[in-house]
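Structure data (compact mmCIF, C-alpha atoms) from model_1.txt:
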```txt
# COMPACT_ATOMS: atom_id res chain seq x y z
CA MET A 276 -17.32 9.54 -34.31
CA THR A 277 -15.59 10.55 -31.09
CA THR A 278 -14.75 8.21 -28.26
CA SER A 279 -14.87 9.24 -24.64
CA ARG A 280 -11.77 8.93 -22.51
CA GLU A 281 -11.11 9.43 -18.84
CA SER A 282 -9.78 12.85 -17.93
CA LYS A 283 -6.26 13.03 -16.56
CA ASN A 284 -7.26 16.01 -14.41
CA PHE A 285 -8.91 15.20 -11.09
CA LEU A 286 -8.65 15.23 -7.31
CA ARG A 287 -9.99 11.87 -6.21
CA VAL A 288 -10.62 10.64 -2.67
CA LEU A 289 -8.94 7.27 -2.11
CA VAL A 290 -9.74 6.89 1.59
CA SER A 291 -12.25 8.87 3.64
CA PRO A 292 -12.77 7.74 7.25
CA GLU A 293 -15.76 9.18 9.06
CA ASN A 294 -13.81 11.25 11.56
CA HIS A 295 -10.79 12.28 9.53
CA ASN A 296 -8.54 14.92 11.05
CA VAL A 297 -5.89 15.38 8.32
CA ASP A 298 -5.73 15.44 4.52
CA ILE A 299 -2.90 13.62 2.74
CA VAL A 300 -2.66 14.71 -0.90
CA ALA A 301 -0.58 12.62 -3.34
CA VAL A 302 0.79 14.27 -6.48
CA HIS A 303 2.44 12.15 -9.21
CA GLY A 304 5.36 13.08 -11.43
CA LEU A 305 6.29 12.98 -15.08
CA ASN A 306 4.57 10.54 -17.46
CA PRO A 307 7.13 10.29 -20.30
CA THR A 308 5.82 6.96 -21.63
CA ASN A 309 2.13 7.94 -21.66
CA THR A 310 1.27 5.30 -19.04
CA GLU A 311 -2.46 4.85 -18.59
CA PHE A 312 -3.71 5.73 -15.10
CA HIS A 313 -0.33 7.23 -14.28
CA ALA A 314 -1.66 8.95 -11.15
CA GLU A 315 -2.46 5.56 -9.62
CA ALA A 316 0.48 3.68 -11.19
CA THR A 317 3.01 6.07 -9.61
CA TRP A 318 2.21 4.67 -6.15
CA THR A 319 1.42 1.08 -7.16
CA TYR A 320 3.51 -2.11 -7.09
CA GLY A 321 1.69 -5.06 -8.62
CA ASP A 322 -1.88 -4.51 -7.53
CA LYS A 323 -1.03 -2.70 -4.29
CA LEU A 324 -1.45 1.07 -4.11
CA TRP A 325 0.16 1.66 -0.74
CA LEU A 326 -1.62 4.94 -0.05
CA LYS A 327 -4.92 3.06 -0.13
CA ASP A 328 -3.96 -0.52 0.77
CA PHE A 329 -1.30 -0.07 3.48
CA LEU A 330 -1.28 3.43 4.98
CA PRO A 331 -4.85 3.57 6.43
CA ALA A 332 -3.95 0.85 8.92
CA GLN A 333 -1.37 3.19 10.43
CA LEU A 334 -3.32 6.42 9.95
CA PRO A 335 -6.99 5.47 10.44
CA ASN A 336 -8.10 9.11 10.72
CA ALA A 337 -6.40 10.37 7.57
CA ARG A 338 -8.34 11.26 4.43
CA ILE A 339 -6.15 10.40 1.45
CA LEU A 340 -6.59 12.13 -1.90
CA LEU A 341 -5.00 11.55 -5.29
CA PHE A 342 -4.34 14.47 -7.64
CA GLY A 343 -4.14 13.72 -11.35
CA TYR A 344 -2.99 16.01 -14.16
CA ASN A 345 -1.64 15.67 -17.68
CA SER A 346 2.11 15.30 -17.21
CA ASN A 347 2.83 13.70 -20.58
CA VAL A 348 5.73 15.32 -22.38
CA ALA A 349 5.26 13.80 -25.82
CA PHE A 350 1.94 12.04 -26.36
CA GLU A 351 -1.43 13.69 -25.72
CA THR A 352 0.26 16.67 -24.15
CA SER A 353 -1.71 19.66 -22.98
CA ILE A 354 -0.53 23.25 -23.01
CA SER A 355 -0.82 23.34 -19.24
CA GLY A 356 2.51 23.61 -17.49
CA VAL A 357 3.69 23.73 -13.91
CA ARG A 358 1.92 26.92 -12.85
CA GLU A 359 -1.38 26.00 -14.51
CA ASN A 360 -1.48 22.61 -12.82
CA ALA A 361 -0.43 24.14 -9.51
CA VAL A 362 -3.46 26.43 -9.65
CA ASN A 363 -5.58 23.48 -10.76
CA LEU A 364 -4.49 21.62 -7.62
CA LEU A 365 -5.29 24.59 -5.38
CA ASN A 366 -8.72 25.13 -6.86
CA ARG A 367 -9.73 21.50 -6.58
CA LEU A 368 -8.37 21.24 -3.06
CA VAL A 369 -10.27 24.31 -1.86
CA ASN A 370 -13.47 22.78 -3.22
CA LYS A 371 -12.80 19.44 -1.50
CA ARG A 372 -12.10 21.15 1.82
CA ALA A 373 -15.13 23.42 2.03
CA ASN A 374 -15.96 24.15 5.69
CA THR A 375 -12.86 22.27 6.89
CA GLU A 376 -10.19 24.87 6.19
CA GLU A 377 -8.41 24.33 9.52
CA ARG A 378 -7.73 20.64 8.90
CA PRO A 379 -3.97 20.14 8.35
CA ILE A 380 -2.57 19.07 4.98
CA ILE A 381 0.37 16.81 4.19
CA PHE A 382 1.50 16.64 0.56
CA VAL A 383 3.16 13.48 -0.78
CA ALA A 384 4.85 14.10 -4.12
CA HIS A 385 6.99 12.18 -6.61
CA SER A 386 9.50 13.87 -8.93
CA LEU A 387 7.76 16.62 -10.95
CA GLY A 388 4.84 16.41 -8.51
CA GLY A 389 7.04 18.08 -5.92
CA ILE A 390 7.65 20.99 -8.28
CA VAL A 391 3.89 21.33 -8.78
CA VAL A 392 3.29 21.30 -5.01
CA LYS A 393 5.95 23.94 -4.39
CA ARG A 394 4.53 26.13 -7.14
CA ALA A 395 1.04 25.69 -5.65
CA LEU A 396 2.24 27.00 -2.29
CA VAL A 397 3.91 29.96 -4.00
CA GLU A 398 0.65 30.73 -5.81
CA ALA A 399 -1.28 30.33 -2.54
CA LYS A 400 0.88 33.07 -1.04
CA LEU A 401 0.20 35.38 -3.99
CA ASP A 402 -3.56 34.71 -4.23
CA HIS A 403 -5.48 35.32 -1.00
CA SER A 404 -8.31 33.00 -2.08
CA TYR A 405 -5.91 30.09 -1.59
CA LYS A 406 -4.39 31.32 1.67
CA CYS A 407 -6.29 28.63 3.60
CA ILE A 408 -4.34 25.91 1.76
CA ARG A 409 -0.98 27.47 2.55
CA ASP A 410 -1.93 28.04 6.20
CA ALA A 411 -3.16 24.46 6.60
CA THR A 412 -0.09 22.85 5.01
CA PHE A 413 2.11 21.39 7.71
CA GLY A 414 4.55 19.30 5.73
CA ILE A 415 5.61 17.71 2.46
CA ALA A 416 7.08 14.30 1.70
CA PHE A 417 9.18 14.59 -1.46
CA PHE A 418 10.15 11.42 -3.34
CA SER A 419 13.09 12.14 -5.67
CA THR A 420 11.92 15.64 -6.47
CA PRO A 421 14.55 17.45 -8.60
CA HIS A 422 14.68 20.73 -6.71
CA HIS A 423 17.74 21.71 -8.73
CA GLY A 424 16.95 19.96 -12.01
CA SER A 425 17.81 16.40 -13.04
CA ASN A 426 19.53 14.22 -15.59
CA LEU A 427 16.05 13.12 -16.62
CA GLY A 428 15.49 16.65 -17.83
CA ASN A 429 18.44 16.52 -20.20
CA LEU A 430 17.72 13.09 -21.69
CA GLY A 431 13.96 13.28 -21.64
CA TYR A 432 13.89 16.77 -23.10
CA ILE A 433 15.60 15.60 -26.28
CA ALA A 434 13.36 12.53 -26.65
CA ALA A 435 10.20 14.50 -25.95
CA SER A 436 11.14 17.24 -28.41
CA ILE A 437 11.55 14.68 -31.20
CA ALA A 438 8.24 13.04 -30.38
CA ARG A 439 6.45 16.40 -30.24
CA ALA A 440 7.85 17.33 -33.64
CA ILE A 441 6.56 14.10 -35.17
CA PHE A 442 3.12 14.24 -33.58
CA ARG A 443 2.88 18.07 -33.54
CA ASN A 444 1.85 18.19 -29.92
CA PRO A 445 1.98 21.47 -28.01
CA LYS A 446 4.94 22.34 -25.84
CA ASN A 447 4.58 22.69 -22.08
CA THR A 448 6.90 23.79 -19.30
CA PHE A 449 7.37 20.43 -17.58
CA MET A 450 10.63 19.44 -19.22
CA GLU A 451 12.03 22.95 -19.05
CA THR A 452 11.41 22.88 -15.30
CA LEU A 453 13.28 19.60 -14.92
CA LYS A 454 16.34 20.56 -16.98
CA LYS A 455 19.44 20.59 -14.85
CA ASP A 456 20.19 24.10 -13.54
CA SER A 457 17.58 25.66 -15.87
CA LEU A 458 16.49 29.24 -15.25
CA PHE A 459 12.88 28.09 -15.04
CA ALA A 460 13.79 25.65 -12.28
CA ASP A 461 15.21 28.59 -10.35
CA GLU A 462 12.01 30.55 -10.96
CA ALA A 463 9.91 27.65 -9.73
CA ASN A 464 12.02 27.68 -6.60
CA ASP A 465 10.50 30.93 -5.38
CA PHE A 466 9.36 28.40 -2.81
CA ARG A 467 12.70 28.87 -1.06
CA HIS A 468 11.22 31.90 0.72
CA GLN A 469 8.72 29.57 2.41
CA LEU A 470 11.14 26.81 3.38
CA GLU A 471 10.95 27.51 7.09
CA ASN A 472 7.15 27.26 7.07
CA TYR A 473 6.96 23.49 6.54
CA HIS A 474 8.35 20.22 7.80
CA ILE A 475 10.00 18.21 5.04
CA LEU A 476 10.74 14.55 4.35
CA SER A 477 13.16 14.18 1.44
CA PHE A 478 13.35 10.59 0.16
CA TYR A 479 15.94 10.03 -2.56
CA GLU A 480 16.94 7.17 -4.88
CA THR A 481 20.23 5.29 -4.56
CA LEU A 482 19.91 2.80 -7.46
CA PRO A 483 20.44 3.65 -11.15
CA THR A 484 17.63 3.64 -13.69
CA GLY A 485 19.17 1.33 -16.27
CA LYS A 486 21.83 2.94 -18.45
CA PHE A 487 20.66 6.44 -17.45
CA GLY A 488 22.12 6.06 -13.96
CA ILE A 489 20.82 8.06 -10.98
CA ILE A 490 18.13 10.35 -12.33
CA VAL A 491 17.86 12.68 -9.31
CA ASP A 492 20.90 12.62 -7.06
CA LYS A 493 20.91 13.41 -3.36
CA LYS A 494 22.09 16.98 -3.93
CA SER A 495 19.14 17.76 -6.18
CA ALA A 496 16.61 15.75 -4.14
CA THR A 497 17.28 17.52 -0.84
CA LEU A 498 16.81 21.09 0.33
CA GLY A 499 19.65 21.44 2.82
CA LEU A 500 17.47 22.51 5.75
CA PRO A 501 18.33 21.95 9.42
CA GLY A 502 17.53 18.53 10.84
CA ASP A 503 14.50 19.75 12.75
CA ARG A 504 12.95 20.91 9.45
CA GLU A 505 14.09 18.32 6.92
CA LYS A 506 14.77 14.60 7.19
CA GLN A 507 16.98 13.35 4.32
CA ILE A 508 16.21 9.67 3.79
CA PRO A 509 17.89 7.35 1.26
CA LEU A 510 15.91 4.46 -0.21
CA GLU A 511 17.25 1.40 -2.00
CA ALA A 512 15.30 2.03 -5.20
CA ASP A 513 15.56 3.70 -8.60
CA HIS A 514 13.68 6.83 -9.67
CA SER A 515 10.40 5.07 -10.44
CA GLY A 516 10.53 2.56 -7.61
CA VAL A 517 11.31 5.05 -4.87
CA CYS A 518 7.58 5.46 -4.12
CA LYS A 519 6.34 1.92 -4.82
CA PHE A 520 6.08 -0.79 -2.16
CA ALA A 521 5.14 -4.44 -2.58
CA SER A 522 4.28 -5.19 1.03
CA ALA A 523 3.33 -3.42 4.22
CA ASP A 524 5.96 -5.58 5.93
CA GLY A 525 8.83 -4.54 3.65
CA ASP A 526 11.76 -2.69 5.17
CA ASP A 527 11.53 0.30 2.81
CA TYR A 528 7.79 0.71 3.38
CA GLU A 529 8.21 0.53 7.16
CA TYR A 530 10.98 3.12 6.88
CA VAL A 531 8.86 5.48 4.77
CA SER A 532 5.59 5.00 6.62
CA SER A 533 7.07 5.44 10.11
CA ASN A 534 8.47 8.82 9.07
CA LEU A 535 5.20 9.78 7.39
CA VAL A 536 3.17 8.74 10.42
CA ARG A 537 5.30 10.93 12.70
CA LEU A 538 4.86 13.86 10.31
CA VAL A 539 1.08 13.42 10.28
CA GLU A 540 0.85 13.04 14.05
CA SER A 541 2.84 16.25 14.49
CA ALA A 542 0.50 18.02 12.04
CA VAL A 543 -2.61 16.93 13.96
CA GLU A 544 -1.07 17.92 17.29
CA SER A 545 -0.04 21.32 15.95
CA ALA A 546 -3.53 21.96 14.56
CA ALA A 547 -5.09 21.08 17.93
CA GLU A 548 -2.74 23.47 19.72
CA ARG A 549 -3.61 26.29 17.30
CA GLU A 550 -7.33 25.67 17.82
CA GLN A 551 -6.96 25.72 21.61
CA LYS A 552 -5.02 28.97 21.45
CA SER A 553 -7.59 30.50 19.11
CA VAL A 554 -10.46 29.59 21.43
CA ALA A 555 -8.50 30.81 24.46
CA ASP A 556 -7.86 34.16 22.76
CA MET A 557 -11.54 34.52 21.90
CA ARG A 558 -12.51 33.52 25.44
CA THR A 559 -10.33 36.31 26.85
CA THR A 560 -11.91 38.90 24.56
CA TYR A 561 -15.37 37.57 25.34
CA GLU A 562 -14.87 37.66 29.10
CA GLN A 563 -13.68 41.26 28.87
CA LEU A 564 -16.91 42.10 27.06
CA LEU A 565 -18.96 40.48 29.83
CA LYS A 566 -17.42 42.79 32.41
CA ARG A 567 -18.36 45.96 30.56
CA PRO A 568 -21.17 47.99 32.20
CA ARG A 569 -24.41 49.05 30.58
CA ALA A 570 -25.12 52.75 30.12
CA THR A 571 -26.92 54.11 33.20
CA GLU A 572 -28.66 56.87 31.24
CA SER A 573 -31.45 56.31 28.78
CA THR A 574 -30.25 55.13 25.37
CA SER A 575 -33.47 56.06 23.57
CA SER A 576 -31.72 59.05 22.03
CA ASN A 577 -28.66 57.04 21.09
CA PRO A 578 -29.68 53.93 19.09
CA LYS A 579 -26.06 53.02 18.37
CA ARG A 580 -25.30 52.84 22.11
CA ALA A 581 -28.47 50.80 22.56
CA ARG A 582 -27.22 48.27 20.05
CA VAL A 583 -23.98 47.96 22.01
CA ASP A 584 -25.95 47.18 25.18
CA ASP A 585 -28.20 44.72 23.35
CA ASN A 586 -25.19 42.84 22.06
CA LEU A 587 -23.59 42.83 25.49
CA ASP A 588 -26.82 41.36 26.88
CA ASP A 589 -26.60 38.70 24.18
CA ALA A 590 -23.04 37.95 25.32
CA ARG A 591 -24.18 37.50 28.92
CA THR A 592 -26.91 35.00 28.00
CA GLY A 593 -26.04 31.69 29.61
CA TYR A 594 -23.63 33.27 32.12
CA ASP A 595 -24.10 33.76 35.86
CA PHE A 596 -24.84 37.18 37.30
CA ASP A 597 -22.42 37.59 40.20
CA GLY A 598 -24.53 40.01 42.19
CA HIS A 599 -22.29 43.02 41.76
CA GLU A 600 -23.65 46.17 40.16
CA ASP A 601 -22.95 46.44 36.43
CA THR A 602 -20.58 43.47 36.39
CA TYR A 603 -21.07 39.88 35.30
CA SER A 604 -18.97 36.82 36.00
CA ALA A 605 -17.12 35.15 33.18
CA HIS A 606 -17.79 31.64 34.48
CA SER A 607 -19.59 29.69 31.79
CA ASN A 608 -22.57 27.46 32.50
CA TYR A 609 -21.33 25.27 29.65
CA GLU A 610 -19.99 22.40 31.73
CA THR A 611 -20.41 18.69 31.10
CA ASP A 612 -23.12 17.37 33.41
CA SER A 613 -24.07 14.05 31.84
CA ASP A 614 -22.55 11.01 30.23
CA ASP A 615 -23.65 12.08 26.76
CA ASN A 616 -21.54 15.25 26.90
CA THR A 617 -24.40 17.73 26.70
CA ASP A 618 -24.58 20.92 28.72
CA ASN A 619 -27.46 22.89 30.24
CA SER A 620 -28.30 24.46 26.89
CA GLY A 621 -28.13 21.20 24.96
CA GLU A 622 -24.89 22.20 23.26
CA LEU A 623 -22.27 19.49 22.81
CA VAL A 624 -19.05 19.96 24.71
CA SER A 625 -15.74 18.14 24.42
CA GLU A 626 -14.95 15.23 26.72
CA ASP A 627 -12.03 17.20 28.17
CA GLY A 628 -14.30 20.18 28.89
CA THR A 629 -12.84 22.44 26.22
CA LEU A 630 -15.09 24.65 24.15
CA ARG A 631 -16.48 23.31 20.90
CA GLU A 632 -16.46 25.21 17.64
CA SER A 633 -20.07 26.37 18.03
CA GLU A 634 -19.13 28.25 21.20
CA ALA A 635 -16.01 29.66 19.60
CA ASP A 636 -18.21 30.93 16.80
CA ARG A 637 -20.46 32.54 19.38
CA TYR A 638 -17.50 34.36 20.92
CA GLU A 639 -16.50 35.68 17.52
CA ARG A 640 -20.04 36.66 16.52
CA VAL A 641 -20.81 38.60 19.70
CA SER A 642 -17.43 40.29 19.78
CA GLU A 643 -17.81 41.37 16.18
CA ASN A 644 -21.36 42.59 16.73
CA VAL A 645 -20.34 44.69 19.71
CA SER A 646 -17.43 46.18 17.78
CA LEU A 647 -19.58 46.99 14.76
CA SER A 648 -22.41 48.52 16.76
CA GLU A 649 -19.97 50.45 18.91
CA SER A 650 -18.22 52.12 15.99
CA GLY A 651 -19.51 55.63 15.76
CA ALA A 652 -21.57 55.38 18.92
CA ASP A 653 -21.52 58.36 21.25
CA THR A 654 -19.73 57.10 24.32
CA ASP A 655 -20.09 60.30 26.38
CA ASP A 656 -22.93 58.69 28.31
CA THR A 657 -20.89 55.59 29.10
CA PRO A 658 -20.03 55.44 32.80
CA SER A 659 -16.53 54.62 33.91
CA SER A 660 -15.91 50.97 34.59
CA GLU A 661 -14.05 51.97 37.77
CA SER A 662 -16.09 51.90 40.95
CA ASP A 663 -16.78 55.16 42.71
```

Take the structure in this file and express it as structure tokens.
Amino acid sequence: MTTSRESKNFLRVLVSPENHNVDIVAVHGLNPTNTEFHAEATWTYGDKLWLKDFLPAQLPNARILLFGYNSNVAFETSISGVRENAVNLLNRLVNKRANTEERPIIFVAHSLGGIVVKRALVEAKLDHSYKCIRDATFGIAFFSTPHHGSNLGNLGYIAASIARAIFRNPKNTFMETLKKDSLFADEANDFRHQLENYHILSFYETLPTGKFGIIVDKKSATLGLPGDREKQIPLEADHSGVCKFASADGDDYEYVSSNLVRLVESAVESAAEREQKSVADMRTTYEQLLKRPRATESTSSNPKRARVDDNLDDARTGYDFDGHEDTYSAHSNYETDSDDNTDNSGELVSEDGTLRESEADRYERVSENVSLSESGADTDDTPSSESD
């Protein structure tokens, strides 16, 4: 008779406000003692999981997700290592973010979780199907991540090897990755080529873990980037406690959360600026299309040219004719004219008058249609756009 047990592999939504504008993804670290619900326990002090119980008050528009994977090194180990779980994270995240690819991402990672996140971003660069995750990632908050290996790797590797021999569990790459100065740790750090792409918070422990001392020292827990890219932040905690907080009023939590809030706010602002630039670029292309003249000769013998004109007519729909021959104004009728933010066509517009996504999509669709129908068309019958 078999008994069911909860899978250690998941991407679970902890908090999901209605109008969320950023995704915060938490990734736990090593589970050397086979702690049940380790993904939750990593961020929990007593009965308070700060990502769910404290942070939403400061970031009410953040969706917060928890990634779980089998990071045991001795008991119930899986054969999945760093790369496999990195791809697992990417795949689950893409599924969770369907149709919201532009929403910024902030990763929050403890210990080995930071290695998994870095490997995921390396894989996202290599595999185009995950490019949207890499492009959306604005920053990472590392909590005692051993970028250059750790003492935990040396001590834990020996203990885990003995336990695996006794229980005949499969070997994985987790402990090899954490070994101080290991070659695999260097390989995992292919991420160094992407360092300038992200904003980093590096929190590190300053208290010893019992007789083992400091597990991940400052040198290993930081990346050495300029101050405008990385904030190096000491916390009065040991390796396990560096990402656990008992109260929202505690000094360490206020210190961590204030830095995290600034990182998230910068991510949201950056995403908004990119969207505005994208719409502005499409608007410029669109307005140039509106100014293009129709063919003056019959297009019955040139169906490709006819399709160009049809698509240009589609582009002009909803725009004012300015009275000049073969030219159309690029002044949109899509202006807010009522308190409910609807325009003449019933389309929603932003309160600040900027174009909404539906209109940006229209720009892209018409521009693409004109380009496709124009390719191969005979343009000999196209009159010059210059006036005679």

Would you tabulate, counting all atoms listed in the file, all residues of range 366-421 of chain A that have an atom at most 9 Å from an atom of range 525-541 of chain A, showing the closest pair of atoms and their distance in Å to one decimal, sorted by chain then ascending number, as JSON lines?
```
{"residue": "A:Pro379", "atom": "CA", "partner": "A:Val539", "partner_atom": "CA", "distance": 8.6}
{"residue": "A:Ile380", "atom": "CA", "partner": "A:Val539", "partner_atom": "CA", "distance": 8.6}
{"residue": "A:Ile381", "atom": "CA", "partner": "A:Val539", "partner_atom": "CA", "distance": 7.0}
{"residue": "A:Phe413", "atom": "CA", "partner": "A:Leu538", "partner_atom": "CA", "distance": 8.4}
{"residue": "A:Gly414", "atom": "CA", "partner": "A:Leu538", "partner_atom": "CA", "distance": 7.1}
{"residue": "A:Ile415", "atom": "CA", "partner": "A:Leu538", "partner_atom": "CA", "distance": 8.8}
{"residue": "A:Ala416", "atom": "CA", "partner": "A:Leu535", "partner_atom": "CA", "distance": 7.5}
```

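If all atoms listed in the file are the atoms counted, then among A:Asp298, A:Asp322, A:Glu293, A:Asp328 the closest residue to Val369 in chain A is A:Asp298.
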
To one decimal place in Å, what is the distance between CA of Asn284 in chain A and CA of Trp318 in chain A? 16.9 Å

Could you list as a count of residues only every residue that has an atom within 12 Å of (22.4, 7.4, -9.7), using the file's coordinates and counting only C-alpha atoms? 28

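Look at Arg372 in chain A: the protein and nucleic acid residues within 12 Å of it, using all atoms listed in the file and passing over chain neighbours fewer than 5 places away, are Leu286, Val288, His295, Asn296, Val297, Asp298, Ile299, Val300, Arg338, Leu340, Leu365, Asn366, Arg367, Glu377, Arg378, Pro379, Ile380, Tyr405, Cys407, Ile408 and Ala411 of chain A.
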
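If you look at CA of Phe382 in chain A and CA of Glu548 in chain A, they are 20.8 Å away from each other.
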
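The two atoms in question, CA of Leu330 in chain A and CA of Val362 in chain A, are spaced 27.3 Å apart.
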
For Arg358 in chain A: contacts at 8 Å, all atoms listed in the file, fewer than 3 positions along chain excluded, given as a PyMOL selection string: chain A and resi 355+361-362+391+394-395

Include C-alpha atoms and write out the residues we just selected as a short mmCIF file (atom, residue, chain, number, x, y, z; two decimals), in the frame of the given file.
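Wrote it out as again-v5.cif, contents follow:
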```
data_model
loop_
_atom_site.label_atom_id
_atom_site.label_comp_id
_atom_site.auth_asym_id
_atom_site.auth_seq_id
_atom_site.Cartn_x
_atom_site.Cartn_y
_atom_site.Cartn_z
CA SER A 355 -0.82 23.34 -19.24
CA ALA A 361 -0.43 24.14 -9.51
CA VAL A 362 -3.46 26.43 -9.65
CA VAL A 391 3.89 21.33 -8.78
CA ARG A 394 4.53 26.13 -7.14
CA ALA A 395 1.04 25.69 -5.65
#
```

Selection as JSON, numbers by chain: residues within 10 Å of (13.6, 20.0, 12.1), counting only C-alpha atoms: {"A": [471, 473, 474, 475, 476, 500, 501, 502, 503, 504, 505, 506]}
